[in-house]
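Novice: Sending over a structure as structure tokens; questions will come in a sec.
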Amino acid sequence: LVFTLKLLVTNPGGLLHQYLNEGRYRIFNGFRLLILTTAVSLFLMYLVGPEEIFGNLTEGWDNYEASEAKIDPAELQNVFFDWYNILLWIAIPIYALFSYMANRKAGYNYAEHVVMQSFHISAINVITIVLIGFSILISVSWMFYAILLVSFVYYLWMLTAWIRRRSVWFILKNVFAF
């Protein structure tokens with residue numbers, strides 16, 4: 001587990017190459033890692049409080065009307081956090097499909113993209129865990145945006161290191177796929 005987390009943070013492309021090509025005996029299973037990191041990140045989110053994480057994100061929604069009914073930010077937060085783990089896991093095959101479609105010629109099949117996305121979501125969970133740790137010390141109003149930005153940059157880094165392409169076209173099509 002420690003070796004896998006170290007590679008996930010320092011060399012995600014190497015982690016994927018080792019897991020898919022060289023053998024899986026040294027790498028912690030990606031789906032088990034996903035379950036573990038999701039559980040820890042959800043636990044920490046509930047300790048901090050979902051209303052703190054989404055506090056500034058939902059400002060002004062009280063004035064928005066959708067077909068005569070107002071959107072309640074608190075209810076939206078509750079739905080998101082109640083279904084957070086399911087949303088993440090449903091996103092994996094969808095993200096993998098877009099990643100596969102954008103990189104069909106790279107030589108990896110759809111299942112390998114599912115594995116890549118499971119490690120990516122695990123990395124997002126680790127990033128969330130770290131940022132929640134920082135948010136305990138500092139204000140949390142920026143945390144949601146920081147998670148989105150860091151996960152986007154990490155995704156591009158992971159993909160370029162895994163597929164070993166760094167052209168402008170490659171990055172642009174994967175930005176679109178993301």
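Every chain in the structure tokens has a letter given in the order shown (A, B, ...), and although residue numbers restart at 1 in each chain, ligands are simply numbered from 1 in the order shown.
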Name the residues in contact with Leu131 (chain A) at a cut-off of 10 Å, using only C-alpha atoms, excluding same-chain residues fewer than 3 positions from it; report them as number ranges by chain.
Specialist: A: 125-128, 134-138, 140, 142-144, 146-147
Novice: With N, CA and C atoms retained, export the selected residues as a PDB file, in the first residue's frame.
Specialist:
ATOM      1  N   ASN A 125      -8.935  11.164  -4.324  1.00  0.00           N
ATOM      2  CA  ASN A 125      -9.264  10.948  -2.912  1.00  0.00           C
ATOM      3  C   ASN A 125      -8.086  11.291  -2.010  1.00  0.00           C
ATOM      4  N   VAL A 126      -6.872  10.905  -2.407  1.00  0.00           N
ATOM      5  CA  VAL A 126      -5.682  11.244  -1.621  1.00  0.00           C
ATOM      6  C   VAL A 126      -5.496  12.757  -1.584  1.00  0.00           C
ATOM      7  N   ILE A 127      -5.689  13.418  -2.733  1.00  0.00           N
ATOM      8  CA  ILE A 127      -5.596  14.877  -2.791  1.00  0.00           C
ATOM      9  C   ILE A 127      -6.632  15.500  -1.859  1.00  0.00           C
ATOM     10  N   THR A 128      -7.839  14.958  -1.869  1.00  0.00           N
ATOM     11  CA  THR A 128      -8.897  15.448  -1.000  1.00  0.00           C
ATOM     12  C   THR A 128      -8.510  15.279   0.466  1.00  0.00           C
ATOM     13  N   PHE A 134      -5.222  20.311   5.319  1.00  0.00           N
ATOM     14  CA  PHE A 134      -4.881  21.737   5.283  1.00  0.00           C
ATOM     15  C   PHE A 134      -6.064  22.602   5.686  1.00  0.00           C
ATOM     16  N   SER A 135      -7.248  22.196   5.284  1.00  0.00           N
ATOM     17  CA  SER A 135      -8.427  23.016   5.560  1.00  0.00           C
ATOM     18  C   SER A 135      -8.768  23.060   7.040  1.00  0.00           C
ATOM     19  N   ILE A 136      -8.323  22.069   7.793  1.00  0.00           N
ATOM     20  CA  ILE A 136      -8.533  22.104   9.239  1.00  0.00           C
ATOM     21  C   ILE A 136      -7.709  23.233   9.847  1.00  0.00           C
ATOM     22  N   LEU A 137      -6.536  23.482   9.257  1.00  0.00           N
ATOM     23  CA  LEU A 137      -5.659  24.533   9.758  1.00  0.00           C
ATOM     24  C   LEU A 137      -6.012  25.912   9.211  1.00  0.00           C
ATOM     25  N   ILE A 138      -6.571  25.936   7.994  1.00  0.00           N
ATOM     26  CA  ILE A 138      -6.861  27.194   7.301  1.00  0.00           C
ATOM     27  C   ILE A 138      -8.335  27.179   6.890  1.00  0.00           C
ATOM     28  N   VAL A 140     -11.640  26.687   4.672  1.00  0.00           N
ATOM     29  CA  VAL A 140     -11.993  25.640   3.730  1.00  0.00           C
ATOM     30  C   VAL A 140     -12.769  26.151   2.530  1.00  0.00           C
ATOM     31  N   TRP A 142     -11.917  27.531  -0.085  1.00  0.00           N
ATOM     32  CA  TRP A 142     -11.218  27.333  -1.353  1.00  0.00           C
ATOM     33  C   TRP A 142     -11.061  25.863  -1.708  1.00  0.00           C
ATOM     34  N   MET A 143     -11.412  24.953  -0.798  1.00  0.00           N
ATOM     35  CA  MET A 143     -11.062  23.553  -0.968  1.00  0.00           C
ATOM     36  C   MET A 143     -11.694  22.897  -2.194  1.00  0.00           C
ATOM     37  N   PHE A 144     -12.963  23.142  -2.447  1.00  0.00           N
ATOM     38  CA  PHE A 144     -13.630  22.515  -3.586  1.00  0.00           C
ATOM     39  C   PHE A 144     -12.941  22.892  -4.893  1.00  0.00           C
ATOM     40  N   ALA A 146      -9.841  23.975  -5.233  1.00  0.00           N
ATOM     41  CA  ALA A 146      -8.489  23.417  -5.222  1.00  0.00           C
ATOM     42  C   ALA A 146      -8.504  21.952  -5.637  1.00  0.00           C
ATOM     43  N   ILE A 147      -9.487  21.198  -5.158  1.00  0.00           N
ATOM     44  CA  ILE A 147      -9.592  19.775  -5.529  1.00  0.00           C
ATOM     45  C   ILE A 147      -9.813  19.646  -7.034  1.00  0.00           C
TER      46      ILE A 147
END
Novice: Could you give me, as JSON, numbers by chain, the residues within 12 Å of region 168-170 of chain A, counting only C-alpha atoms and dropping anything in the same chain fewer than 5 positions from it?
Specialist: {"A": [99, 102, 103, 104, 105, 106, 156, 157, 159, 160, 163, 175, 176, 177]}
Novice: Using the selection just defined, write its residues with N, CA and C atoms as a tab-separated table (two decimals), in the first residue's frame.
Specialist:
chain	number	residue	atom	x	y	z
A	99	SER	N	-11.59	8.82	-22.04
A	99	SER	CA	-10.14	8.69	-22.12
A	99	SER	C	-9.76	7.71	-23.23
A	102	ALA	N	-10.40	9.28	-26.69
A	102	ALA	CA	-9.40	10.30	-27.04
A	102	ALA	C	-8.04	9.70	-27.33
A	103	ASN	N	-7.79	8.48	-26.85
A	103	ASN	CA	-6.46	7.87	-26.99
A	103	ASN	C	-6.51	6.46	-27.55
A	104	ARG	N	-7.42	6.21	-28.48
A	104	ARG	CA	-7.56	4.87	-29.06
A	104	ARG	C	-6.28	4.37	-29.70
A	105	LYS	N	-5.53	5.26	-30.33
A	105	LYS	CA	-4.33	4.84	-31.05
A	105	LYS	C	-3.13	4.61	-30.14
A	106	ALA	N	-3.28	4.81	-28.86
A	106	ALA	CA	-2.16	4.65	-27.93
A	106	ALA	C	-1.85	3.19	-27.64
A	156	LEU	N	-3.84	15.20	-16.25
A	156	LEU	CA	-3.00	15.42	-17.44
A	156	LEU	C	-1.59	14.87	-17.22
A	157	TRP	N	-1.05	15.07	-16.03
A	157	TRP	CA	0.29	14.54	-15.73
A	157	TRP	C	0.29	13.01	-15.80
A	159	LEU	N	-1.77	11.00	-17.43
A	159	LEU	CA	-2.01	10.53	-18.79
A	159	LEU	C	-0.79	10.73	-19.69
A	160	THR	N	-0.14	11.89	-19.60
A	160	THR	CA	1.05	12.12	-20.43
A	160	THR	C	2.20	11.21	-20.02
A	163	ILE	N	0.97	7.42	-21.29
A	163	ILE	CA	0.95	7.20	-22.74
A	163	ILE	C	2.23	7.72	-23.39
A	175	VAL	N	-7.80	17.38	-22.61
A	175	VAL	CA	-8.52	18.41	-21.85
A	175	VAL	C	-10.00	18.33	-22.20
A	176	PHE	N	-10.28	18.18	-23.47
A	176	PHE	CA	-11.68	18.04	-23.90
A	176	PHE	C	-12.30	16.75	-23.35
A	177	ALA	N	-11.55	15.66	-23.38
A	177	ALA	CA	-12.06	14.39	-22.85
A	177	ALA	C	-12.30	14.47	-21.34
Novice: Quick one: residues within 7 Å of region 16-27 of chain A, only C-alpha atoms counted, chain neighbours fewer than 2 positions away excluded, as a list in words?
Specialist: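 Those residues are Thr4, Pro12, Gly13, Gly14, Asn29, Met116 and Trp162 of chain A.
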Novice: Rank nothing, just name the residue among A:Met101, A:Leu33, A:Leu44, A:Tyr155 nearest to Lys173 (chain A), using only C-alpha atoms.
Specialist: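 So, comparing all the options, the nearest one is A:Met101.
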Novice: Compare A:Ala123, A:Thr38, A:Val150, A:Val130 by their minimum atom-to-atom distance to Leu5 (chain A), counting only C-alpha atoms, and give me the closest one.
Specialist: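 Looking only at the distances to Leu5 (chain A), the closest residue turns out to be A:Ala123.
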Novice: Quote the spacing between CA of Met158 (chain A) and CA of Phe178 (chain A) in Å to one decimal place.
Specialist: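 Straight-line distance from CA of Met158 (chain A) to CA of Phe178 (chain A) works out to 12.4 Å.
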Novice: Which neighbours of Phe43 (chain A) fall inside 12 Å, counting only C-alpha atoms, when residues of the same chain fewer than 3 positions from it are skipped, and could you give them as a ChimeraX atom specification?
Specialist: /A:36-40,46-50,81-82,84-85,125,128-129,132
